[in-house]
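Written below as C-alpha cells is the structure these notes are about.
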Amino acid sequence: MSNSTTISPQSMMSTLSIHTEMAKGAIKIPQNPRDLGVHSPSFTELMESKVAAVNTDQNHSSALMRAVDGGESDDLVGAMVASQKASLSFSTMIQIRNRLVQAFDEVMKMPV
C-alpha cells in the first residue's frame with residue numbers, strides 16, 4: 001500500500017509561479033504580528049470593546065435627545081443622526097449575536 005499523494009502539474013506550476021513572484025518581491029508577505037510582539041486581542045476582549053462602543057453610542061444619543069427635549073440644545077438633526085447611528089450599531093450587534101448563536105448551535109449538532 002502506498003500513501004503517495006498525486007499532485008497535478010497545473011497545481012505545481014501555480015505554486016511555482018507564486019513562489020517565483022514572492023522571490024522577485026512582487027508579492028509581499030507581511031510579518032506575523034506575533035513575531036513583532038504585538039498582542040492581538042482575544043475574542044472576549046474584542047466583543048467587550050464592541051459592546052462598550054455600542055453602549056457609548058446609546059448613551060451619547062440619549063444625552064443629545066435629552067438636551068433637545070429639555071430645550072438646552074436646538075441641534076435636532078445631530079440628535080437624530082446620533083439616534084440612527086446608535087440604532088444601527090445596536091441592530092448590527094444583535095445580528096452578530098444571532099449569527100454566533102446559530103454557529104454555536106450548528107457546532108453542537110455535529111456528531112462526535
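Starting from 1 in every chain, residues are counted up; chains themselves are A, B, ... following the order of the C-alpha cells, and ligands are numbered from 1 as listed.
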
Fill in: For region 73-80 of chain A: contacts at 12 Å, only C-alpha atoms, fewer than 2 positions along chain excluded, given as a PyMOL selection string
chain A and resi 57-71+82-87

Per residue of region 38-102 of chain A within 12 Å of region 22-32 of chain A, which atom pair is closest and at what distance in Å (one decimal), using only C-alpha atoms, listed by chain and increasing number, as JSON lines?
```
{"residue": "A:Val38", "atom": "CA", "partner": "A:Asn32", "partner_atom": "CA", "distance": 9.0}
{"residue": "A:His39", "atom": "CA", "partner": "A:Asn32", "partner_atom": "CA", "distance": 11.0}
{"residue": "A:Ser40", "atom": "CA", "partner": "A:Asn32", "partner_atom": "CA", "distance": 10.8}
```

With all heavy atoms kept, could you save the residues just selected as an mmCIF file, in the first residue's frame?
```
data_model
loop_
_atom_site.group_PDB
_atom_site.id
_atom_site.type_symbol
_atom_site.label_atom_id
_atom_site.label_comp_id
_atom_site.auth_asym_id
_atom_site.auth_seq_id
_atom_site.Cartn_x
_atom_site.Cartn_y
_atom_site.Cartn_z
ATOM 1 N N VAL A 38 3.382 42.092 18.961
ATOM 2 C CA VAL A 38 2.084 42.745 19.041
ATOM 3 C C VAL A 38 1.069 41.758 19.590
ATOM 4 O O VAL A 38 0.979 40.626 19.127
ATOM 5 C CB VAL A 38 1.646 43.243 17.641
ATOM 6 C CG1 VAL A 38 0.255 43.832 17.681
ATOM 7 C CG2 VAL A 38 2.636 44.245 17.106
ATOM 8 N N HIS A 39 0.311 42.206 20.580
ATOM 9 C CA HIS A 39 -0.704 41.350 21.188
ATOM 10 C C HIS A 39 -2.018 41.562 20.462
ATOM 11 O O HIS A 39 -2.559 42.664 20.446
ATOM 12 C CB HIS A 39 -0.867 41.686 22.679
ATOM 13 C CG HIS A 39 -2.058 41.041 23.312
ATOM 14 N ND1 HIS A 39 -2.139 39.699 23.519
ATOM 15 C CD2 HIS A 39 -3.221 41.577 23.773
ATOM 16 C CE1 HIS A 39 -3.304 39.415 24.091
ATOM 17 N NE2 HIS A 39 -3.974 40.547 24.254
ATOM 18 N N SER A 40 -2.529 40.519 19.837
ATOM 19 C CA SER A 40 -3.842 40.628 19.205
ATOM 20 C C SER A 40 -4.896 40.322 20.269
ATOM 21 O O SER A 40 -4.709 39.433 21.095
ATOM 22 C CB SER A 40 -3.960 39.662 18.033
ATOM 23 O OG SER A 40 -3.727 38.340 18.460
#
```

Discussion item. Please compute the CA of Val54 (chain A)-CA of Phe90 (chain A) distance, one decimal, in Å.
Written reply: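 These atoms are spaced 6.2 Å apart.
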
Worksheet item: Interatomic distance between CA of Asn55 (chain A) and CA of Met93 (chain A)?
Response: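 Pair CA of Asn55 (chain A) / CA of Met93 (chain A) returns 10.7 Å.
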
Discussion item. I need the residues in region 14-111 of chain A that are alpha helix (DSSP H) according to DSSP; give them as a ChimeraX atom specification.
Written reply: /A:14-24,43-69,76-109

Practice prompt. Grab the CA of Glu48 (chain A) to CA of Val81 (chain A) distance for me, in Å with one decimal place.
Written response: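 CA of Val81 (chain A) lies at a distance of 24.4 Å from CA of Glu48 (chain A).
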
Discussion item. Just checking: using only C-alpha atoms, which residue out of A:Ala103, A:Ser91, A:Pro33, A:His19 ends up closest to Val51 (chain A)?
Written reply: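 Closest to Val51 (chain A) of all the choices is A:Ser91.
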